[in-house]
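Trainee: One file is attached below, start.cif, containing mmCIF, C-alpha atoms.
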```cif
data_my_file
#
loop_
_atom_site.label_atom_id
_atom_site.label_comp_id
_atom_site.auth_asym_id
_atom_site.auth_seq_id
_atom_site.Cartn_x
_atom_site.Cartn_y
_atom_site.Cartn_z
CA ALA A 1 -38.96 37.35 17.10
CA ASN A 2 -35.52 36.40 18.37
CA ALA A 3 -36.74 32.84 19.01
CA ILE A 4 -38.05 32.63 15.42
CA LEU A 5 -34.67 33.83 14.15
CA LYS A 6 -32.82 31.28 16.29
CA LEU A 7 -35.01 28.37 15.13
CA ASN A 8 -34.70 29.52 11.53
CA ASN A 9 -30.90 29.62 11.75
CA GLU A 10 -30.91 25.98 12.90
CA LEU A 11 -32.68 24.83 9.71
CA LYS A 12 -30.80 23.08 6.91
CA LYS A 13 -32.08 25.74 4.52
CA PRO A 14 -32.75 28.83 6.65
CA LEU A 15 -34.88 31.65 5.32
CA ASP A 16 -33.52 35.17 5.04
CA ILE A 17 -35.17 36.70 8.09
CA TYR A 18 -34.49 40.23 9.25
CA LEU A 19 -35.78 41.72 12.46
CA ILE A 20 -36.78 45.35 12.75
CA ARG A 21 -34.97 45.40 16.07
CA TYR A 22 -32.65 42.93 17.75
CA SER A 23 -33.01 44.36 21.26
CA ASP A 24 -35.64 46.19 23.27
CA THR A 25 -35.40 49.54 21.52
CA LEU A 26 -38.09 51.80 20.15
CA ILE A 27 -38.31 52.02 16.38
CA SER A 28 -40.99 54.30 14.95
CA LEU A 29 -43.81 52.67 13.02
CA SER A 30 -42.87 54.54 9.84
CA ASP A 31 -39.23 53.42 10.16
CA ARG A 32 -40.40 49.81 10.51
CA THR A 33 -42.20 49.94 7.20
CA LYS A 34 -39.36 51.88 5.55
CA LEU A 35 -36.96 49.09 6.51
CA ALA A 36 -39.29 46.45 5.07
CA LYS A 37 -39.43 48.40 1.81
CA ALA A 38 -35.66 48.93 1.72
CA LEU A 39 -35.06 45.21 2.26
CA LYS A 40 -37.62 44.40 -0.44
CA ALA A 41 -39.24 42.01 2.01
CA ASP A 42 -41.29 39.12 0.70
CA LEU A 43 -43.32 39.14 3.89
CA PHE A 44 -43.84 41.43 6.89
CA ILE A 45 -44.94 40.11 10.29
CA SER A 46 -45.45 42.39 13.26
CA LEU A 47 -45.55 40.57 16.62
CA HIS A 48 -47.32 41.96 19.67
CA CYS A 49 -48.80 40.99 23.01
CA ASN A 50 -52.19 42.43 23.79
CA HIS A 51 -53.40 44.26 26.90
CA SER A 52 -56.85 45.05 28.23
CA ASP A 53 -58.34 46.70 31.28
CA ASN A 54 -60.50 43.58 31.45
CA PRO A 55 -58.28 40.91 33.07
CA ASN A 56 -60.51 38.20 31.57
CA ALA A 57 -59.80 39.24 27.96
CA ARG A 58 -57.93 36.45 26.24
CA GLY A 59 -57.00 34.94 22.92
CA ILE A 60 -54.97 35.37 19.78
CA GLU A 61 -55.97 37.68 16.97
CA VAL A 62 -54.31 38.31 13.64
CA PHE A 63 -54.79 41.49 11.62
CA VAL A 64 -54.43 42.25 7.93
CA ALA A 65 -54.85 45.60 6.20
CA ASN A 66 -58.43 46.69 5.55
CA SER A 67 -57.42 47.92 2.08
CA ASN A 68 -56.93 45.91 -1.07
CA SER A 69 -53.70 45.38 -2.96
CA GLN A 70 -52.06 42.67 -5.02
CA TYR A 71 -50.89 41.15 -1.70
CA SER A 72 -54.23 41.13 0.14
CA GLU A 73 -55.10 37.53 -0.66
CA ASP A 74 -51.68 36.22 0.41
CA ALA A 75 -51.78 38.28 3.61
CA THR A 76 -55.24 36.98 4.48
CA TRP A 77 -54.17 33.38 3.82
CA LEU A 78 -51.10 33.85 6.04
CA ALA A 79 -53.29 35.39 8.76
CA PHE A 80 -55.62 32.37 8.80
CA GLN A 81 -52.67 29.94 8.70
CA SER A 82 -50.95 31.74 11.58
CA GLN A 83 -54.16 31.92 13.62
CA ALA A 84 -54.84 28.20 13.17
CA ALA A 85 -51.24 27.15 13.93
CA LEU A 86 -51.01 29.29 17.06
CA ASN A 87 -54.40 28.16 18.35
CA LYS A 88 -53.51 24.52 17.77
CA GLU A 89 -50.06 24.84 19.36
CA LEU A 90 -51.03 27.02 22.31
CA GLY A 91 -54.65 26.11 22.89
CA PHE A 92 -55.56 29.79 23.29
CA ASP A 93 -58.95 31.13 22.31
CA SER A 94 -59.26 32.46 18.79
CA ARG A 95 -60.30 36.08 18.53
CA GLY A 96 -60.21 35.65 14.76
CA VAL A 97 -58.60 37.25 11.76
CA LYS A 98 -59.53 40.90 11.56
CA PHE A 99 -59.07 43.76 9.15
CA ALA A 100 -57.53 46.96 10.50
CA ASN A 101 -55.93 50.21 9.46
CA PHE A 102 -52.76 49.85 11.56
CA GLN A 103 -49.84 51.91 10.29
CA VAL A 104 -47.48 48.96 9.79
CA LEU A 105 -50.12 47.25 7.65
CA ARG A 106 -50.95 50.42 5.69
CA GLY A 107 -47.26 51.08 5.14
CA THR A 108 -46.51 47.65 3.68
CA ILE A 109 -49.72 46.81 1.82
CA ASP A 110 -48.34 47.80 -1.59
CA TYR A 111 -45.00 46.02 -1.10
CA CYS A 112 -45.63 42.59 0.39
CA PRO A 113 -48.11 40.48 2.35
CA ALA A 114 -48.26 41.78 5.93
CA VAL A 115 -49.88 40.60 9.14
CA LEU A 116 -49.93 41.85 12.71
CA ILE A 117 -50.21 39.08 15.31
CA GLU A 118 -51.45 39.66 18.84
CA LEU A 119 -50.07 36.63 20.71
CA GLY A 120 -52.40 36.81 23.69
CA PHE A 121 -53.04 39.15 26.59
CA LEU A 122 -50.29 40.01 29.05
CA SER A 123 -53.05 41.47 31.23
CA ASN A 124 -54.66 38.02 31.50
CA HIS A 125 -52.93 36.14 34.33
CA ASP A 126 -52.84 32.74 32.58
CA GLU A 127 -51.82 34.01 29.14
CA GLY A 128 -49.33 36.51 30.55
CA ASN A 129 -47.57 33.77 32.52
CA PHE A 130 -47.61 31.40 29.56
CA ILE A 131 -46.21 33.96 27.12
CA SER A 132 -43.43 34.88 29.56
CA GLU A 133 -41.97 31.38 29.90
CA ASN A 134 -38.97 30.63 27.67
CA ASN A 135 -40.13 27.11 26.78
CA ASN A 136 -43.48 28.47 25.61
CA ILE A 137 -41.81 31.23 23.59
CA GLU A 138 -40.11 28.49 21.55
CA HIS A 139 -43.50 26.84 20.86
CA ILE A 140 -44.92 30.19 19.74
CA ALA A 141 -41.88 30.82 17.53
CA LEU A 142 -42.10 27.37 15.94
CA SER A 143 -45.77 27.91 15.07
CA ILE A 144 -45.01 31.25 13.43
CA LEU A 145 -41.97 29.91 11.57
CA SER A 146 -44.06 27.00 10.25
CA SER A 147 -46.69 29.45 9.01
CA ILE A 148 -43.99 31.48 7.26
CA GLN A 149 -42.60 28.36 5.60
CA LYS A 150 -46.05 27.30 4.39
CA SER A 151 -46.71 30.74 2.94
CA ILE A 152 -43.44 30.67 1.02
CA GLU A 153 -44.16 27.22 -0.42
CA LEU A 154 -47.19 28.57 -2.28
#
```
Just give me the structure as structure tokens.
Mentor:
Amino acid sequence: ANAILKLNNELKKPLDIYLIRYSDTLISLSDRTKLAKALKADLFISLHCNHSDNPNARGIEVFVANSNSQYSEDATWLAFQSQAALNKELGFDSRGVKFANFQVLRGTIDYCPAVLIELGFLSNHDEGNFISENNNIEHIALSILSSIQKSIEL
């Protein structure tokens, strides 16, 4: 998220991007969605790295709310755009776009398009090493920022 913010701030016309947290602190799920509502966000993206007891589990997956709202179509489009951009940039397996009842998606569904992105598995040796390298973090951030820009252009 910090890498996305940094790349955005280097643009000629940067977007107004706010992070839920700027350091490694715990913010409750309900407070995350409250902040998005208070900021009247146009878009909500929750970034995560996956983990599995199976060390061979791998790939990127993007989630949207499994409920309908006026933002469902835009959220689903952003999810597919993000999935495609990340898979192209990183070469990771696609675990697909999925519908889920995660709290951050439930809490924002009536306010803006929202997606939750699992950027790969830290428990997978190859993906965990890749995700941890600073140069690769910039590639991930650029893919996500490009997806955000494309969603705003529509």
Trainee: Pick out the residues sitting within 7 Å of Ser46 of chain A, and hand them over as a ChimeraX atom specification; count all atoms listed in the file, and ignore anything fewer than 4 positions along from it in its own chain.
Mentor: /A:115-117
Trainee: Would you save the residues from that selection as a PDB file, keeping the file's coordinate frame, using C-alpha atoms?
Mentor:
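Just written: again-v2.pdb:
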```
ATOM      1  CA  VAL A 115     -49.880  40.600   9.140  1.00  0.00           C
ATOM      2  CA  LEU A 116     -49.930  41.850  12.710  1.00  0.00           C
ATOM      3  CA  ILE A 117     -50.210  39.080  15.310  1.00  0.00           C
TER       4      ILE A 117
END
```
Trainee: Please tabulate, as CSV, the residues of segment 36-123 of chain A that come within 12 Å of segment 19-29 of chain A, each with its closest pair of atoms and the distance in Å to one decimal, counting only C-alpha atoms and ordering rows by chain, then residue number upward.
Mentor:
```
residue,atom,partner,partner_atom,distance
A:Ala36,CA,A:Ile20,CA,8.2
A:Lys37,CA,A:Ile20,CA,11.7
A:Ala38,CA,A:Ile20,CA,11.7
A:Leu39,CA,A:Ile20,CA,10.6
A:Ala41,CA,A:Leu19,CA,11.0
A:Leu43,CA,A:Leu19,CA,11.7
A:Phe44,CA,A:Leu19,CA,9.8
A:Ile45,CA,A:Leu19,CA,9.6
A:Ser46,CA,A:Ile20,CA,9.2
A:Leu47,CA,A:Leu19,CA,10.7
A:Phe102,CA,A:Leu29,CA,9.5
A:Gln103,CA,A:Leu29,CA,6.7
A:Val104,CA,A:Leu29,CA,6.1
A:Leu105,CA,A:Leu29,CA,9.9
A:Arg106,CA,A:Leu29,CA,10.5
A:Gly107,CA,A:Leu29,CA,8.7
A:Thr108,CA,A:Leu29,CA,10.9
```
Trainee: Please provide as a list in words all residues within 10 Å of Ser151 of chain A, with the sequence filter that same-chain residues fewer than 5 positions apart are discarded (counting all atoms listed in the file).
Mentor: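 Once the adjacent positions are removed, what remains is Leu43, Asp74, Ala75, Trp77, Leu78, Ala79, Gln81, Ser82, Pro113, Leu145 and Ser146 of chain A.
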Trainee: Identify which of the residues A:Phe80, A:Asn135, A:Ile148, A:Asp53 lies closest to Ala3 of chain A, counting all atoms listed in the file when measuring atom-to-atom distances.
Mentor: A:Asn135
Trainee: What does the distance from atom CA of Asn129 of chain A to atom CA of Ile60 of chain A come to in Å, to one decimal?
Mentor: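 Here the two named atoms are 14.8 Å from each other.
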Trainee: Name all residues at most 7 Å from segment 56-58 of chain A (count only C-alpha atoms; drop same-chain ones fewer than 4 positions away) and give them as a ChimeraX atom specification.
Mentor: /A:52,93,120-121,124
Trainee: Please compute the atom CA of Ile144 of chain A-atom CA of Ser123 of chain A distance, one decimal, in Å.
Mentor: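 Computing the Euclidean distance for atom CA of Ile144 of chain A and atom CA of Ser123 of chain A yields 22.0 Å.
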Trainee: Given the file shown, enumerate the residues that the PyMOL selection byres ((chain A and resi 100) around 9) captures and present them as a PyMOL selection string.
Mentor: chain A and resi 63-67+98-99+101-102+105-106
Trainee: Expressed in Å to a single decimal, how great is the separation between atom CA of Leu7 of chain A and atom CA of Tyr111 of chain A?
Mentor: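 According to the coordinates, atom CA of Leu7 of chain A and atom CA of Tyr111 of chain A are separated by 26.0 Å.
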Trainee: Might you pull out every residue within 12 Å of Leu15 of chain A, with all atoms listed in the file counted and same-chain residues fewer than 2 positions away left off, and present them as a PyMOL selection string?
Mentor: chain A and resi 4-13+17-18+41-43+145-146+148-149+152-153
